[in-house]
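File shown here: target-v7.csv, holding CSV, C-alpha atoms and all ligand atoms.
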```csv
chain,number,residue,atom,x,y,z
S,1,MET,CA,-17.0,0.6,-15.6
S,2,MET,CA,-17.6,0.3,-11.9
S,3,HIS,CA,-21.2,0.3,-11.0
S,4,PHE,CA,-23.8,-1.2,-8.6
S,5,TYR,CA,-26.1,-4.0,-9.4
S,6,CYS,CA,-29.0,-5.6,-7.6
S,7,SER,CA,-28.2,-8.9,-5.9
S,8,GLN,CA,-31.8,-10.0,-6.6
S,9,CYS,CA,-32.8,-8.8,-10.1
S,10,GLU,CA,-29.4,-7.7,-11.4
S,11,LYS,CA,-30.6,-4.3,-12.5
S,12,ASN,CA,-27.6,-1.9,-12.8
S,13,TYR,CA,-27.3,1.4,-11.0
S,14,PRO,CA,-24.7,4.2,-11.1
S,15,ILE,CA,-22.5,4.6,-8.0
S,16,GLY,CA,-23.1,8.4,-7.7
S,17,GLY,CA,-26.9,8.2,-7.8
S,18,LEU,CA,-29.3,8.6,-4.9
S,19,ASP,CA,-30.5,4.9,-5.0
S,20,TYR,CA,-29.0,3.1,-2.1
S,21,GLN,CA,-30.9,-0.2,-2.9
S,22,CYS,CA,-32.8,-1.6,-5.8
S,23,GLU,CA,-36.4,-0.6,-6.5
S,24,CYS,CA,-37.2,-4.3,-6.0
S,25,GLY,CA,-35.8,-4.1,-2.5
S,26,GLY,CA,-32.6,-6.0,-3.3
S,27,LEU,CA,-29.3,-4.9,-1.9
S,28,PHE,CA,-26.5,-3.6,-4.1
S,29,GLN,CA,-23.3,-5.4,-5.0
S,30,LEU,CA,-20.3,-3.8,-6.7
S,31,TYR,CA,-19.4,-4.6,-10.2
S,32,LYS,CA,-15.9,-3.6,-11.4
S,33,GLU,CA,-13.4,-4.7,-14.1
S,34,LYS,CA,-10.6,-6.8,-13.0
S,35,ASP,CA,-7.9,-4.1,-12.9
S,36,GLU,CA,-10.3,-1.3,-12.1
S,37,LYS,CA,-9.2,0.6,-8.9
S,38,ILE,CA,-10.6,3.5,-6.9
S,39,THR,CA,-8.5,6.6,-7.5
S,40,ALA,CA,-7.2,7.6,-4.0
S,41,THR,CA,-6.8,11.3,-3.6
S,42,VAL,CA,-8.1,11.6,-0.1
S,43,SER,CA,-5.9,10.2,2.6
S,44,LEU,CA,-5.6,10.5,6.4
S,45,GLY,CA,-2.4,8.4,6.4
S,46,GLU,CA,-3.7,4.9,6.3
S,47,VAL,CA,-1.3,2.3,7.4
S,48,GLN,CA,-0.7,-1.4,7.1
S,49,THR,CA,-1.6,-2.3,10.6
S,50,PRO,CA,0.8,-4.5,12.6
S,51,VAL,CA,0.3,-8.2,13.3
S,52,ILE,CA,1.7,-9.4,16.7
S,53,LYS,CA,2.0,-12.9,18.0
S,54,ARG,CA,0.7,-13.5,21.5
S,55,LYS,CA,-0.2,-16.3,23.8
S,56,LEU,CA,-3.6,-16.0,25.4
S,57,GLN,CA,-4.6,-18.7,27.9
S,58,GLY,CA,-2.0,-21.0,26.4
S,59,LYS,CA,-3.2,-20.4,22.8
S,60,GLU,CA,-0.8,-18.8,20.4
S,61,ILE,CA,-2.6,-16.4,18.0
S,62,TYR,CA,-1.9,-13.5,15.8
S,63,LEU,CA,-3.5,-10.2,16.8
S,64,LYS,CA,-4.1,-7.8,13.9
S,65,LEU,CA,-4.1,-4.4,15.4
S,66,ASP,CA,-6.6,-2.8,13.1
S,67,TYR,CA,-7.6,-0.1,15.5
S,68,MET,CA,-4.3,1.6,14.5
S,69,GLN,CA,-6.0,3.4,11.5
S,70,PRO,CA,-6.4,7.2,11.4
S,71,THR,CA,-9.7,7.5,13.2
S,72,GLY,CA,-9.1,4.6,15.5
S,73,SER,CA,-10.9,1.7,13.9
S,74,PHE,CA,-10.9,-0.7,11.0
S,75,LYS,CA,-13.9,1.2,9.6
S,76,ASP,CA,-11.5,3.6,8.0
S,77,ARG,CA,-10.8,1.0,5.4
S,78,GLY,CA,-14.4,1.3,4.3
S,79,ALA,CA,-14.8,5.0,4.6
S,80,PHE,CA,-11.5,5.5,2.6
S,81,ALA,CA,-12.9,3.6,-0.3
S,82,VAL,CA,-16.4,5.2,-0.3
S,83,ILE,CA,-15.2,8.8,0.2
S,84,ASN,CA,-12.5,8.5,-2.4
S,85,LYS,CA,-14.9,7.2,-5.0
S,86,LEU,CA,-17.5,9.9,-4.1
S,87,LYS,CA,-14.9,12.6,-4.3
S,88,GLU,CA,-14.0,11.4,-7.8
S,89,LEU,CA,-17.7,11.5,-8.8
S,90,GLY,CA,-18.0,15.0,-7.5
S,91,ILE,CA,-20.4,14.3,-4.6
S,92,THR,CA,-20.4,17.3,-2.2
S,93,GLU,CA,-22.6,16.1,0.6
S,94,VAL,CA,-23.5,12.9,2.3
S,95,VAL,CA,-25.8,11.5,5.1
S,96,GLU,CA,-24.9,8.6,7.4
S,97,ASP,CA,-26.4,7.1,10.5
S,98,SER,CA,-23.8,5.7,12.9
S,99,SER,CA,-22.8,7.1,16.2
S,100,GLY,CA,-20.0,4.6,16.5
S,101,ASN,CA,-16.8,3.8,14.6
S,102,ALA,CA,-18.4,4.0,11.1
S,103,GLY,CA,-19.8,7.5,11.8
S,104,ALA,CA,-16.4,8.7,13.1
S,105,ALA,CA,-14.6,7.2,10.0
S,106,PHE,CA,-17.0,8.9,7.6
S,107,ALA,CA,-16.9,12.2,9.4
S,108,GLY,CA,-13.1,12.1,9.4
S,109,TYR,CA,-12.7,11.2,5.7
S,110,CYS,CA,-15.4,13.7,4.7
S,111,ALA,CA,-13.4,16.4,6.6
S,112,ALA,CA,-10.3,15.4,4.7
S,113,ALA,CA,-12.2,15.4,1.4
S,114,GLY,CA,-14.1,18.6,1.9
S,115,ILE,CA,-17.4,16.8,1.6
S,116,LYS,CA,-20.2,18.0,3.9
S,117,CYS,CA,-21.2,15.2,6.3
S,118,ASN,CA,-24.5,14.8,8.1
S,119,ILE,CA,-24.7,12.2,10.8
S,120,TYR,CA,-28.3,11.2,11.9
S,121,LEU,CA,-28.5,9.9,15.5
S,122,PRO,CA,-31.2,9.2,18.0
S,123,GLU,CA,-31.6,12.1,20.4
S,124,SER,CA,-30.7,9.8,23.3
S,125,THR,CA,-27.2,9.2,22.0
S,126,SER,CA,-24.7,10.3,24.6
S,127,LEU,CA,-22.6,13.4,23.8
S,128,GLY,CA,-19.4,11.5,24.7
S,129,LYS,CA,-20.1,9.1,22.0
S,130,ILE,CA,-20.3,11.8,19.3
S,131,LYS,CA,-17.3,13.8,20.6
S,132,GLN,CA,-15.1,12.5,17.8
S,133,ILE,CA,-17.7,13.1,15.1
S,134,ASN,CA,-18.1,16.7,16.5
S,135,ALA,CA,-14.3,17.2,16.3
S,136,TYR,CA,-14.4,16.5,12.6
S,137,LYS,CA,-17.1,19.2,12.3
S,138,ALA,CA,-19.7,16.9,10.9
S,139,ASN,CA,-23.3,18.1,11.2
S,140,VAL,CA,-25.0,16.0,13.8
S,141,VAL,CA,-28.7,15.7,13.4
S,142,ARG,CA,-30.3,14.4,16.6
S,143,VAL,CA,-33.6,12.8,15.8
S,144,PRO,CA,-36.3,12.8,18.6
S,145,GLY,CA,-37.9,9.4,19.4
S,146,THR,CA,-36.7,5.9,18.9
S,147,ARG,CA,-34.0,4.3,16.8
S,148,ASP,CA,-36.7,3.5,14.3
S,149,ASP,CA,-37.5,7.2,14.0
S,150,THR,CA,-33.9,7.8,13.2
S,151,ALA,CA,-34.0,5.1,10.6
S,152,LYS,CA,-37.0,6.8,9.0
S,153,ALA,CA,-35.4,10.2,9.1
S,154,ILE,CA,-32.2,9.0,7.4
S,155,LEU,CA,-34.2,7.3,4.6
S,156,LYS,CA,-36.1,10.5,4.1
S,157,ALA,CA,-32.8,12.5,3.9
S,158,ALA,CA,-31.4,9.9,1.5
S,159,GLN,CA,-34.1,10.9,-1.0
S,160,THR,CA,-32.2,14.1,-1.6
S,161,THR,CA,-28.7,13.6,-0.3
S,162,TYR,CA,-26.2,10.8,-1.0
S,163,TYR,CA,-26.5,8.0,1.6
S,164,ALA,CA,-22.9,7.0,2.4
S,165,SER,CA,-24.1,3.9,4.3
S,166,HIS,CA,-21.7,1.4,5.8
S,167,VAL,CA,-24.3,-1.2,5.3
S,168,TYR,CA,-26.1,-0.5,2.0
S,169,ASN,CA,-23.1,0.9,0.0
S,170,PRO,CA,-21.0,-2.0,-1.3
S,171,LEU,CA,-18.0,0.3,-1.8
S,172,PHE,CA,-17.6,0.0,2.0
S,173,PHE,CA,-16.9,-3.7,1.7
S,174,GLU,CA,-14.6,-3.0,-1.2
S,175,GLY,CA,-12.6,-1.0,1.3
S,176,THR,CA,-12.7,-3.5,4.3
S,177,LYS,CA,-11.5,-6.3,2.0
S,178,SER,CA,-8.0,-4.7,2.1
S,179,LEU,CA,-7.8,-6.3,5.5
S,180,ALA,CA,-7.6,-9.8,3.9
S,181,TYR,CA,-4.9,-8.7,1.4
S,182,GLU,CA,-2.8,-7.3,4.3
S,183,ILE,CA,-3.1,-10.4,6.4
S,184,TYR,CA,-2.1,-12.5,3.3
S,185,GLU,CA,1.0,-10.3,2.8
S,186,GLN,CA,1.9,-10.5,6.5
S,187,ILE,CA,1.4,-14.1,7.4
S,188,GLY,CA,-0.1,-15.9,4.3
S,189,ILE,CA,-3.5,-17.5,4.4
S,190,PRO,CA,-4.4,-18.3,8.0
S,191,ASN,CA,-6.2,-21.4,9.0
S,192,TYR,CA,-8.8,-19.4,11.0
S,193,ILE,CA,-9.8,-15.8,11.2
S,194,VAL,CA,-12.1,-14.9,14.1
S,195,VAL,CA,-14.2,-11.8,13.5
S,196,PRO,CA,-16.9,-10.0,15.5
S,197,ALA,CA,-20.0,-9.3,13.5
S,198,GLY,CA,-23.1,-7.1,13.7
S,199,ASN,CA,-23.7,-5.6,10.2
S,200,GLY,CA,-20.9,-7.7,8.9
S,201,THR,CA,-18.6,-5.0,7.5
S,202,MET,CA,-15.5,-6.8,8.6
S,203,LEU,CA,-16.8,-10.3,7.9
S,204,LEU,CA,-18.0,-9.6,4.4
S,205,GLY,CA,-14.8,-7.6,3.5
S,206,VAL,CA,-12.5,-10.3,4.8
S,207,TYR,CA,-14.5,-12.9,2.9
S,208,LYS,CA,-14.5,-10.9,-0.3
S,209,GLY,CA,-10.7,-10.3,-0.1
S,210,PHE,CA,-9.7,-13.9,0.6
S,211,LYS,CA,-12.1,-15.1,-2.1
S,212,GLU,CA,-10.3,-12.8,-4.6
S,213,ILE,CA,-6.9,-14.1,-3.4
S,214,GLY,CA,-8.2,-17.6,-4.1
S,215,GLN,CA,-8.1,-19.3,-0.7
S,216,LEU,CA,-10.4,-18.9,2.3
S,217,PRO,CA,-9.5,-19.3,5.9
S,218,ARG,CA,-12.2,-20.7,8.1
S,219,ILE,CA,-14.2,-17.7,9.2
S,220,ILE,CA,-15.3,-17.9,12.9
S,221,VAL,CA,-17.9,-15.3,13.6
S,222,VAL,CA,-18.5,-13.9,17.1
S,223,GLN,CA,-21.7,-12.4,18.3
S,224,SER,CA,-23.0,-11.3,21.7
S,225,LYS,CA,-25.4,-13.7,23.3
S,226,ASN,CA,-27.6,-10.7,24.1
S,227,CYS,CA,-28.0,-9.8,20.4
S,228,ALA,CA,-27.2,-12.7,18.2
S,229,PRO,CA,-29.5,-12.8,15.1
S,230,ILE,CA,-26.8,-14.2,12.8
S,231,PHE,CA,-25.9,-16.9,15.3
S,232,LYS,CA,-29.6,-17.8,15.8
S,233,LYS,CA,-30.3,-18.0,12.1
S,234,PHE,CA,-27.1,-20.0,11.4
S,235,LYS,CA,-28.0,-22.5,14.2
S,236,ASN,CA,-31.7,-22.6,13.2
S,237,GLN,CA,-32.8,-21.3,16.6
S,238,PRO,CA,-35.6,-18.9,17.3
S,239,VAL,CA,-34.4,-15.3,17.5
S,240,GLY,CA,-36.0,-14.4,20.8
S,241,LYS,CA,-35.8,-11.1,22.5
S,242,MET,CA,-32.7,-8.9,22.2
S,243,LYS,CA,-31.1,-7.4,25.2
S,244,GLN,CA,-28.5,-4.7,25.8
S,245,THR,CA,-24.8,-5.8,25.6
S,246,VAL,CA,-21.5,-4.2,26.4
S,247,ALA,CA,-20.4,-5.1,22.9
S,248,GLU,CA,-22.5,-2.4,21.4
S,249,GLY,CA,-20.5,-2.2,18.2
S,250,ILE,CA,-22.0,-5.5,17.1
S,251,ALA,CA,-25.4,-5.2,18.6
S,252,ILE,CA,-27.4,-5.1,15.4
S,253,GLN,CA,-30.9,-6.5,15.7
S,254,GLU,CA,-31.8,-6.9,12.0
S,255,PRO,CA,-28.6,-7.0,9.9
S,256,LYS,CA,-29.5,-6.3,6.3
S,257,ARG,CA,-26.9,-8.6,4.8
S,258,ILE,CA,-27.5,-11.6,7.1
S,259,ASN,CA,-28.0,-14.0,4.2
S,260,GLU,CA,-24.7,-12.9,2.6
S,261,MET,CA,-23.0,-13.4,6.0
S,262,ILE,CA,-24.3,-16.9,6.5
S,263,ASP,CA,-23.3,-17.8,2.9
S,264,ALA,CA,-19.8,-16.5,3.6
S,265,ILE,CA,-19.5,-18.5,6.9
S,266,ASN,CA,-20.7,-21.7,5.1
S,267,ASP,CA,-18.4,-21.2,2.1
S,268,SER,CA,-15.4,-20.8,4.4
S,269,LYS,CA,-16.4,-24.0,6.3
S,270,GLY,CA,-16.5,-21.6,9.3
S,271,ASP,CA,-18.7,-21.4,12.3
S,272,ILE,CA,-20.3,-18.9,14.6
S,273,ILE,CA,-20.2,-18.5,18.3
S,274,ALA,CA,-22.0,-16.4,20.9
S,275,VAL,CA,-20.3,-15.0,24.0
S,276,ASP,CA,-21.7,-13.3,27.1
S,277,ASP,CA,-20.9,-9.8,28.3
S,278,ASP,CA,-18.7,-11.2,31.1
S,279,GLN,CA,-16.5,-13.0,28.6
S,280,VAL,CA,-16.2,-9.9,26.4
S,281,THR,CA,-15.2,-7.7,29.3
S,282,LYS,CA,-12.7,-10.2,30.6
S,283,ALA,CA,-11.1,-10.5,27.2
S,284,GLN,CA,-10.8,-6.7,27.0
S,285,GLU,CA,-9.1,-6.7,30.4
S,286,MET,CA,-6.8,-9.5,29.4
S,287,LEU,CA,-5.6,-7.5,26.4
S,288,GLY,CA,-5.2,-4.5,28.7
S,289,GLU,CA,-2.9,-6.5,30.9
S,290,MET,CA,-0.8,-7.2,27.9
S,291,GLY,CA,-0.5,-3.5,27.1
S,292,ILE,CA,-3.2,-3.5,24.4
S,293,TYR,CA,-6.0,-1.0,24.9
S,294,VAL,CA,-9.1,-1.7,22.8
S,295,GLU,CA,-12.8,-0.9,23.0
S,296,VAL,CA,-15.1,-3.4,24.7
S,297,THR,CA,-16.5,-4.7,21.4
S,298,SER,CA,-13.0,-5.7,20.3
S,299,GLY,CA,-12.9,-8.0,23.3
S,300,ALA,CA,-15.7,-10.0,21.7
S,301,ALA,CA,-13.4,-11.4,19.0
S,302,VAL,CA,-10.9,-12.6,21.6
S,303,ALA,CA,-13.6,-14.0,23.8
S,304,GLY,CA,-15.0,-15.9,20.9
S,305,MET,CA,-11.6,-17.3,20.0
S,306,LEU,CA,-11.0,-18.4,23.6
S,307,GLU,CA,-14.4,-20.1,23.7
S,308,TYR,CA,-14.2,-21.7,20.2
S,309,PHE,CA,-10.8,-23.2,21.0
S,310,LYS,CA,-11.4,-23.9,24.7
S,311,ASP,CA,-10.6,-27.5,24.3
S,312,GLY,CA,-7.2,-26.7,22.8
S,313,HIS,CA,-6.0,-26.6,19.2
S,314,ASP,CA,-3.2,-27.8,17.1
S,315,ASP,CA,-0.2,-25.5,17.6
S,316,LYS,CA,0.5,-25.5,13.9
S,317,LEU,CA,-2.7,-23.7,13.1
S,318,ASN,CA,-2.5,-20.1,12.3
S,319,ILE,CA,-5.3,-18.1,14.0
S,320,VAL,CA,-5.8,-14.4,13.3
S,321,VAL,CA,-7.9,-12.2,15.5
S,322,PRO,CA,-8.4,-8.6,14.2
S,323,LEU,CA,-8.8,-6.0,16.9
S,324,THR,CA,-11.4,-3.6,15.6
S,325,GLY,CA,-11.4,-0.4,17.6
S,326,MET,CA,-9.2,1.5,20.0
S,327,GLY,CA,-9.9,1.9,23.7
S,328,LEU,CA,-9.3,5.6,23.9
S,329,LYS,CA,-12.6,6.5,22.2
S,330,LYS,CA,-14.7,6.5,25.4
A,401,ZN,ZN,-33.5,-5.5,-7.9
```

Show how you would write the structure in this file as structure tokens.
Ligand SMILES: [Zn+2]
Amino acid sequence: MMHFYCSQCEKNYPIGGLDYQCECGGLFQLYKEKDEKITATVSLGEVQTPVIKRKLQGKEIYLKLDYMQPTGSFKDRGAFAVINKLKELGITEVVEDSSGNAGAAFAGYCAAAGIKCNIYLPESTSLGKIKQINAYKANVVRVPGTRDDTAKAILKAAQTTYYASHVYNPLFFEGTKSLAYEIYEQIGIPNYIVVPAGNGTMLLGVYKGFKEIGQLPRIIVVQSKNCAPIFKKFKNQPVGKMKQTVAEGIAIQEPKRINEMIDAINDSKGDIIAVDDDQVTKAQEMLGEMGIYVEVTSGAAVAGMLEYFKDGHDDKLNIVVPLTGMGLKK
């Protein structure tokens, strides 16, 4: 039977319980039988997102338009898996702490499932940013003080209400792994996949999926130079001070699953690259000029691809760049 287990001490935990990590501090992984599937009763009309071939600065690549999911980002893959499982388990209320695409995805799927959704956000979060979450009628809890205060508040709330976290809850990665299966179906195993990473929800999902399929593409991870803890750790560089970046969807100072992410990059014989804000914005504009409107953070993956292959590459190589979020959100 499907359950969580601790990645450190291997202690088992039920999926529907209030524990979001092990008492030893270890993060959860998901155990499931080979044929065990999540029963899907909640749907917002998920699609197999299109793959289109384009030439960018002379480089032919596949763009996977993953922003074409119901709430406008790839995070729907994760929320779909988590919320369907919670619905099956009879959970009626959840808490979550993302003002971005993950928050919107959870709010949307909770609305569809009839699960009460509380989103904890720093008081300073702009109203524009939570417009979509409000539309889904999620309860937005604005916490006074800093981001740390919000983190404290959500952990306190998680003592009594289910924490549907896109970081702690391994069901989320179980959902995002469908991206790998789709790419496999559409173009086979690519040589490279270039993914932006903050908390690693796409990176770890893609890794997990291709691992199950049995062959890994090289995973090239992209971070913002202004906030690049994974890049720094991978390259053995001091972390230094983090700054603001336009790629706010991947600006995570202390990603919980950083070691898992580094293992995934190494296992895939991949690499990591950091790009500056100017490159990210230019890449977003370049996509716009082609008729593709994505949020700024999505530009990071394209910017990373252009930087990584700046000296050219073998035309026979298949390179996939997923586009994570749509531009209409803000
Ligand atoms: Zn443990």

Contacts of ligand ZN 401 (chain A), 6 Å or closer, all atoms listed in the file, given as a PyMOL selection string = chain S and resi 6+8-11+22-24+26

Counting all atoms listed in the file, which residues of region 198-226 of chain S fall within 9 Å of region 186-191 of chain S, and what is the closest atom pair for each with its distance in Å at one decimal, ordered by chain and rising number, as CSV?
```
residue,atom,partner,partner_atom,distance
S:Phe210,CA,S:Ile189,CA,8.1
S:Gln215,CA,S:Ile189,CA,7.1
S:Leu216,CA,S:Ile189,CA,7.3
S:Pro217,CA,S:Asn191,CA,5.0
S:Arg218,CA,S:Asn191,CA,6.1
S:Ile219,CA,S:Asn191,CA,8.8
```

Taking 5 positions as the minimum chain separation for residues in the same chain, which residues sit within 8 Å of Thr161 (chain S) when counting all atoms listed in the file? Answer as a CSV table (one decimal) with C-alpha atoms, in the frame of the given file.
```csv
chain,number,residue,atom,x,y,z
S,18,LEU,CA,-29.3,8.6,-4.9
S,93,GLU,CA,-22.6,16.1,0.6
S,94,VAL,CA,-23.5,12.9,2.3
S,95,VAL,CA,-25.8,11.5,5.1
```

Residues near Ala111 (chain S), cut-off 10 Å, only C-alpha atoms, skip fewer than 3 positions along chain, as a tab-separated table (two decimals) with C-alpha atoms, keeping the file's coordinate frame:
```
chain	number	residue	atom	x	y	z
S	42	VAL	CA	-8.10	11.60	-0.10
S	44	LEU	CA	-5.60	10.50	6.40
S	105	ALA	CA	-14.60	7.20	10.00
S	106	PHE	CA	-17.00	8.90	7.60
S	107	ALA	CA	-16.90	12.20	9.40
S	108	GLY	CA	-13.10	12.10	9.40
S	114	GLY	CA	-14.10	18.60	1.90
S	115	ILE	CA	-17.40	16.80	1.60
S	116	LYS	CA	-20.20	18.00	3.90
S	117	CYS	CA	-21.20	15.20	6.30
S	135	ALA	CA	-14.30	17.20	16.30
S	136	TYR	CA	-14.40	16.50	12.60
S	137	LYS	CA	-17.10	19.20	12.30
S	138	ALA	CA	-19.70	16.90	10.90
```

Gap from CA of Phe4 (chain S) to CA of Ile230 (chain S) - Å, one decimal = 25.2 Å

So which residues touch Phe74 (chain S) within 9 Å, counting only C-alpha atoms, skipping near sequence neighbours fewer than 2 positions away, as a PyMOL selection string?
-> chain S and resi 65-69+71-72+76-78+101-102+105+176+179+202+322-325

Restrict the calculation to only C-alpha atoms, then for each residue of region 141-221 of chain S with any atom at most 10 Å from an atom of region 282-304 of chain S give the closest atom pair and their distance in Å to one decimal, rows by chain and rising residue number, as a tab-separated table.
```
residue	atom	partner	partner_atom	distance
S:Ile193	CA	S:Ala301	CA	9.7
S:Val194	CA	S:Ala301	CA	6.2
S:Val195	CA	S:Ala301	CA	5.6
S:Pro196	CA	S:Ala301	CA	5.1
S:Ala197	CA	S:Ala301	CA	8.8
S:Ile220	CA	S:Gly304	CA	8.3
S:Val221	CA	S:Gly304	CA	7.9
```

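Between CA of Cys110 (chain S) and CA of Lys34 (chain S) there is a distance of 27.5 Å.
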
Would you mind telling me which residue in S:Pro229, S:Gly209, S:Pro70, S:Pro170 lies nearest to Ala104 (chain S) when using only C-alpha atoms?
->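 Result for the nearest residue to Ala104 (chain S): S:Pro70.
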
The distance between CA of Thr49 (chain S) and CA of Ile119 (chain S) is 27.3 Å

Select, from S:Gly200, S:Gly58, S:Gly205, S:Pro255, the residue with the minimum atom-to-atom distance to Asp311 (chain S), counting all atoms listed in the file.
->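 Looking only at the distances to Asp311 (chain S), the closest residue turns out to be S:Gly58.
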
Please provide as a list of chain:residue names all residues within 12 Å of Asp149 (chain S), with the sequence filter that same-chain residues fewer than 3 positions apart are discarded (counting all atoms listed in the file).
->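 Close residues of Asp149 (chain S): S:Asp97, S:Tyr120, S:Leu121, S:Pro122, S:Glu123, S:Ser124, S:Arg142, S:Val143, S:Pro144, S:Gly145, S:Thr146, S:Lys152, S:Ala153, S:Ile154, S:Leu155, S:Lys156.
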
Quick one: everything within 12 Å of Ser178 (chain S), counting all atoms listed in the file, minus sequence neighbours fewer than 2 positions away in the same chain. Send it as JSON, numbers by chain.
-> {"S": [46, 47, 48, 49, 66, 74, 75, 76, 77, 78, 80, 81, 171, 172, 173, 174, 175, 176, 180, 181, 182, 183, 184, 185, 201, 202, 203, 204, 205, 206, 207, 208, 209, 210, 211, 212, 213]}
